[in-house]
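Peer 1: Contents of work.cif (mmCIF, C-alpha atoms and all ligand atoms):
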```
data_coords
#
loop_
_atom_site.label_atom_id
_atom_site.label_comp_id
_atom_site.auth_asym_id
_atom_site.auth_seq_id
_atom_site.Cartn_x
_atom_site.Cartn_y
_atom_site.Cartn_z
CA MET J 436 19.30 13.15 -11.03
CA ASN J 437 16.10 11.17 -10.44
CA ARG J 438 16.25 7.43 -11.18
CA ILE J 439 13.18 5.24 -11.35
CA GLN J 440 12.95 1.57 -10.36
CA ILE J 441 9.70 -0.32 -10.82
CA GLY J 442 8.65 -3.48 -9.03
CA ALA J 443 5.71 -5.63 -10.08
CA ASP J 444 3.69 -4.87 -6.95
CA ALA J 445 3.94 -3.23 -3.53
CA ASP J 446 5.87 -6.15 -2.05
CA ALA J 447 8.39 -6.10 -4.91
CA ALA J 448 8.81 -2.33 -4.48
CA GLY J 449 9.36 -2.91 -0.75
CA ARG J 450 12.10 -5.43 -1.55
CA LEU J 451 13.79 -2.96 -3.91
CA ALA J 452 13.72 -0.29 -1.19
CA ALA J 453 15.02 -2.79 1.37
CA GLY J 454 17.93 -3.41 -1.00
CA VAL J 455 18.81 0.29 -0.91
CA VAL J 456 18.75 0.30 2.91
CA GLU J 457 20.79 -2.90 3.07
CA ARG J 458 23.45 -1.50 0.73
CA ALA J 459 23.59 1.72 2.78
CA LEU J 460 24.15 -0.30 5.98
CA ARG J 461 26.74 -2.59 4.42
CA GLU J 462 28.67 0.36 2.96
CA ARG J 463 28.52 2.21 6.25
CA PRO J 464 27.26 0.31 9.31
CA ALA J 465 26.96 3.64 11.16
CA ALA J 466 24.65 5.02 8.45
CA VAL J 467 22.20 7.77 9.42
CA LEU J 468 18.75 6.84 8.12
CA ALA J 469 15.59 8.95 8.00
CA LEU J 470 12.42 6.88 7.86
CA PRO J 471 8.74 7.52 7.10
CA THR J 472 5.46 6.10 8.31
CA GLY J 473 2.23 5.43 6.40
CA ALA J 474 0.79 2.48 4.57
CA THR J 475 3.41 2.52 1.82
CA PRO J 476 6.54 1.53 3.79
CA ARG J 477 4.97 -1.48 5.54
CA PRO J 478 6.29 -4.05 3.01
CA LEU J 479 9.72 -2.40 3.19
CA TYR J 480 9.83 -2.71 6.98
CA ARG J 481 8.58 -6.30 6.83
CA GLU J 482 11.41 -7.13 4.45
CA LEU J 483 14.03 -5.37 6.58
CA VAL J 484 12.89 -7.32 9.65
CA ARG J 485 13.11 -10.54 7.62
CA ARG J 486 16.63 -9.71 6.42
CA HIS J 487 17.66 -8.90 9.99
CA ARG J 488 16.29 -12.21 11.29
CA GLU J 489 17.31 -14.47 8.45
CA GLN J 490 20.37 -12.81 6.94
CA GLY J 491 21.95 -10.93 9.82
CA LEU J 492 21.32 -7.45 8.45
CA SER J 493 22.36 -5.27 11.40
CA PHE J 494 21.25 -1.81 12.50
CA ALA J 495 23.43 -1.95 15.61
CA ALA J 496 25.70 0.93 14.63
CA ALA J 497 23.11 2.93 12.64
CA ALA J 498 21.04 5.93 13.68
CA VAL J 499 17.38 6.43 12.74
CA PHE J 500 15.51 9.73 12.61
CA GLY J 501 11.75 9.79 12.07
CA LEU J 502 10.63 12.08 9.26
CA ASP J 503 7.61 13.61 11.00
CA GLU J 504 5.06 13.25 13.79
CA TYR J 505 1.57 14.45 14.65
CA TRP J 506 1.23 17.29 17.15
CA PRO J 507 -0.17 17.34 19.67
CA LEU J 508 -0.22 13.61 20.19
CA ALA J 509 1.13 11.61 23.11
CA PRO J 510 4.13 9.47 22.05
CA GLU J 511 2.31 6.37 23.35
CA HIS J 512 -0.87 7.11 21.35
CA PRO J 513 -1.64 4.18 18.99
CA GLN J 514 -1.45 6.51 15.98
CA SER J 515 1.82 8.18 16.90
CA PHE J 516 4.52 7.75 14.30
CA ARG J 517 6.98 6.93 17.07
CA ARG J 518 4.86 3.93 17.93
CA PHE J 519 4.45 2.99 14.29
CA LEU J 520 8.18 2.93 13.60
CA ARG J 521 8.80 0.87 16.72
CA ALA J 522 6.02 -1.61 16.00
CA GLU J 523 6.77 -2.01 12.30
CA LEU J 524 10.56 -2.04 12.43
CA LEU J 525 12.59 -0.91 15.39
CA ASP J 526 11.28 -3.30 18.04
CA HIS J 527 12.32 -6.17 15.75
CA VAL J 528 15.87 -5.17 14.80
CA ASP J 529 19.04 -4.44 16.76
CA LEU J 530 19.06 -0.63 16.68
CA ALA J 531 20.13 0.79 20.06
CA ALA J 532 17.22 2.70 21.65
CA ALA J 533 19.45 5.76 22.14
CA ARG J 534 20.02 5.95 18.40
CA PHE J 535 16.33 6.27 17.54
CA HIS J 536 15.41 9.95 17.30
CA MET J 537 11.86 11.13 17.01
CA LEU J 538 10.09 14.46 17.15
CA ASP J 539 8.12 14.70 20.40
CA GLY J 540 4.42 14.95 19.59
CA GLY J 541 3.77 15.30 23.31
CA ALA J 542 5.80 18.51 23.66
CA ALA J 543 4.06 21.62 25.01
CA ALA J 544 3.37 24.43 22.54
CA GLY J 545 5.95 26.63 24.22
CA ALA J 546 8.63 23.97 23.79
CA LEU J 547 8.20 23.30 20.06
CA GLU J 548 10.80 25.72 18.85
CA ARG J 549 13.35 24.17 21.18
CA VAL J 550 12.29 20.60 20.25
CA CYS J 551 12.67 21.32 16.53
CA ALA J 552 16.00 23.10 16.94
CA ALA J 553 17.26 20.19 19.05
CA TYR J 554 16.23 17.77 16.28
CA GLU J 555 18.21 19.73 13.70
CA ALA J 556 21.16 19.83 16.10
CA ALA J 557 20.97 16.04 16.62
CA LEU J 558 20.92 15.53 12.85
CA ALA J 559 23.95 17.77 12.44
CA ALA J 560 25.78 16.03 15.31
CA ALA J 561 25.12 12.68 13.61
CA GLY J 562 26.78 14.03 10.48
CA GLY J 563 23.61 14.58 8.43
CA ILE J 564 21.34 12.06 6.76
CA ASP J 565 22.96 9.44 4.52
CA THR J 566 19.76 7.84 3.22
CA LEU J 567 16.29 9.33 3.61
CA LEU J 568 13.23 7.34 2.63
CA LEU J 569 9.83 8.90 2.25
CA GLY J 570 6.43 8.54 0.64
CA ILE J 571 4.49 11.06 -1.38
CA GLY J 572 1.10 12.41 -0.37
CA LEU J 573 -1.81 12.57 -2.79
CA ASN J 574 -1.25 16.34 -2.81
CA GLY J 575 2.50 15.94 -3.37
CA HIS J 576 3.49 16.53 0.24
CA LEU J 577 6.81 15.22 1.60
CA GLY J 578 6.68 14.37 5.28
CA PHE J 579 4.22 16.98 6.53
CA ASN J 580 5.49 19.61 4.11
CA GLU J 581 2.17 20.41 2.47
CA PRO J 582 1.87 22.36 -0.83
CA GLY J 583 3.42 25.80 -0.45
CA ALA J 584 5.99 24.75 2.17
CA PRO J 585 9.26 26.67 1.75
CA ARG J 586 11.99 24.79 -0.09
CA ARG J 587 14.60 25.83 2.45
CA GLY J 588 12.37 25.13 5.46
CA ARG J 589 13.83 23.43 8.53
CA THR J 590 12.23 21.15 11.10
CA ARG J 591 9.18 22.92 12.49
CA VAL J 592 5.51 22.78 13.45
CA VAL J 593 3.11 22.94 10.49
CA GLU J 594 -0.61 22.91 9.85
CA LEU J 595 -1.83 19.73 8.15
CA ALA J 596 -3.74 19.94 4.86
CA GLU J 597 -7.39 18.90 5.04
CA LEU J 598 -6.66 16.06 2.59
CA THR J 599 -3.93 14.75 4.89
CA ARG J 600 -6.26 14.83 7.89
CA ALA J 601 -9.11 13.26 5.92
CA ARG J 602 -6.89 10.35 4.85
CA ALA J 603 -5.83 9.80 8.46
CA ALA J 604 -9.41 9.89 9.79
CA ALA J 605 -10.01 6.15 9.41
CA ASP J 606 -6.87 5.33 11.40
CA PHE J 607 -8.02 7.61 14.21
CA GLY J 608 -11.44 5.92 14.17
CA GLY J 609 -13.71 8.77 15.24
CA GLU J 610 -11.17 10.57 17.39
CA GLU J 611 -10.16 13.97 16.00
CA VAL J 612 -7.03 13.90 13.82
CA PRO J 613 -4.44 16.41 15.09
CA ARG J 614 -4.46 19.69 13.17
CA HIS J 615 -0.70 20.06 13.24
CA GLY J 616 2.43 18.07 12.70
CA LEU J 617 6.13 18.34 13.37
CA THR J 618 8.21 17.66 10.29
CA MET J 619 11.68 17.82 8.87
CA GLY J 620 11.60 20.79 6.50
CA LEU J 621 12.15 20.54 2.78
CA GLY J 622 15.58 22.09 3.31
CA THR J 623 16.37 19.37 5.86
CA ILE J 624 15.10 16.64 3.51
CA LEU J 625 16.93 17.95 0.45
CA GLU J 626 20.24 17.98 2.34
CA ALA J 627 20.13 14.18 2.69
CA ARG J 628 22.90 12.62 0.62
CA ARG J 629 20.53 10.09 -0.91
CA ILE J 630 16.72 10.12 -1.09
CA VAL J 631 14.39 7.23 -1.89
CA VAL J 632 10.75 7.97 -2.70
CA LEU J 633 8.45 5.02 -2.31
CA ALA J 634 5.00 5.06 -3.94
CA THR J 635 2.69 2.16 -4.66
CA GLY J 636 -0.87 1.65 -5.88
CA ALA J 637 -2.97 3.21 -8.64
CA GLY J 638 -4.05 6.04 -6.34
CA LYS J 639 -0.53 7.50 -6.52
CA ALA J 640 -0.15 7.27 -10.32
CA ASP J 641 -1.29 10.83 -11.09
CA ILE J 642 0.74 12.59 -8.39
CA VAL J 643 3.88 10.57 -9.21
CA ALA J 644 3.58 11.46 -12.91
CA LEU J 645 2.98 15.12 -12.06
CA ALA J 646 5.92 15.32 -9.66
CA LEU J 647 8.21 13.86 -12.35
CA ALA J 648 6.92 16.13 -15.13
CA ALA J 649 6.17 19.49 -13.52
CA ALA J 650 8.78 22.22 -13.15
CA PRO J 651 10.13 22.17 -9.57
CA ASP J 652 7.85 24.41 -7.53
CA GLU J 653 6.92 24.83 -3.87
CA ALA J 654 3.27 24.38 -4.86
CA LEU J 655 4.14 20.71 -5.41
CA PRO J 656 6.76 19.78 -2.79
CA ALA J 657 7.63 16.43 -4.44
CA SER J 658 8.62 18.24 -7.64
CA LEU J 659 11.53 19.82 -5.71
CA LEU J 660 13.16 16.39 -5.52
CA ARG J 661 14.15 16.83 -9.16
CA GLU J 662 16.71 19.43 -8.07
CA HIS J 663 18.51 16.85 -5.90
CA ALA J 664 21.52 14.96 -7.25
CA ALA J 665 20.64 11.48 -5.92
CA VAL J 666 16.95 10.61 -5.82
CA GLU J 667 15.59 7.18 -6.56
CA TRP J 668 11.86 6.67 -7.10
CA ILE J 669 10.84 3.12 -6.23
CA LEU J 670 7.37 2.38 -7.54
CA ASP J 671 5.12 -0.50 -8.31
CA ARG J 672 3.62 -0.85 -11.78
CA ALA J 673 0.34 0.72 -10.70
CA ALA J 674 1.98 3.87 -9.32
CA ALA J 675 4.24 4.12 -12.38
CA ALA J 676 1.41 3.76 -14.89
CA ARG J 677 1.07 7.44 -15.84
CA ILE J 678 4.73 8.47 -16.05
CA GLU J 679 5.55 10.09 -19.38
CA ARG J 680 8.49 8.46 -21.08
P1 LIG E 701 0.84 6.69 2.62
O1 LIG E 701 1.33 8.15 2.98
O2 LIG E 701 2.06 5.84 2.60
O3 LIG E 701 -0.06 6.32 3.77
O4 LIG E 701 0.17 6.78 1.31
C1 LIG E 701 2.35 8.74 2.24
C2 LIG E 701 2.40 10.21 2.55
O5 LIG E 701 1.33 10.82 2.76
O6 LIG E 701 3.49 10.77 2.58
#
```
Turn this file's structure into structure tokens for me.
Ligand code: PGA

Peer 2:
Amino acid sequence: MNRIQIGADADAAGRLAAGVVERALRERPAAVLALPTGATPRPLYRELVRRHREQGLSFAAAAVFGLDEYWPLAPEHPQSFRRFLRAELLDHVDLAAARFHMLDGGAAAGALERVCAAYEAALAAAGGIDTLLLGIGLNGHLGFNEPGAPRRGRTRVVELAELTRARAAADFGGEEVPRHGLTMGLGTILEARRIVVLATGAGKADIVALALAAAPDEALPASLLREHAAVEWILDRAAAARIER
């Protein structure tokens, strides 16, 4: 089932999403979380850091897996998703460094298969994902699963859509955006026990409405979420504006 929660603006949506993470951690302090990067989750991470500092919300027993990463890209590159997650959230909370798992954008081409298989093995060893948060791309991608990605796909190297690279161009400021990414597959994502999709801003209104109305199809990866038993869409009013009711 897909539930929808709507906050007034991006900050309110971030607080709603932070509430989901907080409940997951209070229910099970050793929760396994999968977390995204991008502009959308910034208010969520700000709020989680605030709750950690002011209300004692603890990540000490949790595990965090990053959803995706550019490849090839050095882990210390300013645009790496590893760096983003550390700077926005993990450097400011009490998660043990050993419990932060990230796909290695610096891996050699010949090592990718092993890196991706090891990621899946680490997920399985952790007991699978309790709560997975993610955004939605303007083309309906989930993580770096671009349109046409297989619904049972596992963690692997993928080619990025031109739209994805074009949107990232400003962040890379003139440097070439990587042509590939490493991403949890749709099969990996859909095995999470609970999924939260976060989308804010008028630019996402059309793709959110489409994903919630179209028949589930690999051509629109986000539409496949409708086949999952526990998905919550957390939107702001602008992103929710075109949903058919
Ligand atoms: P955004 O990215 O949060 O930067 O819009 C979301 C996504 O492409 O998955």

Peer 1: Check every protein, DNA and RNA residue against ligand LIG 701 (chain E), keep those with an atom at most 7 Å away (counting all atoms listed in the file), and present them as a PyMOL selection string.

Peer 2: chain J and resi 472-476+569-573+576-578+599

Peer 1: What is the CA of Cys551 (chain J) to CA of Leu470 (chain J) distance in Å?

Peer 2: 16.8 Å

Peer 1: Which residues, protein or nucleic acid, reach to within 12 Å of (-4.9, 21.8, 6.7) in the file's coordinates when using all atoms listed in the file, and can you give that as a list in words?

Peer 2: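 Residues with an atom close enough to that point: Asn574, His576, Phe579, Asn580, Glu581, Pro582, Gly583, Val593, Glu594, Leu595, Ala596, Glu597, Leu598, Thr599, Arg600, Ala601, Arg602, Val612, Pro613, Arg614, His615 and Gly616 of chain J.
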
Peer 1: Counting only C-alpha atoms, what is within 7 Å of region 650-655 of chain J, bar same-chain residues fewer than 5 positions away, as a list in words?

Peer 2: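 Everything that qualifies: Gly575, Pro582, Gly583, Ala584, Pro585, Arg586 and Arg661 of chain J.
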
Peer 1: Could you please determine the separation between CA of Val528 (chain J) and CA of Val631 (chain J) in Å, to one decimal place?

Peer 2: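 We find that CA of Val528 (chain J) and CA of Val631 (chain J) lie 20.8 Å from each other.
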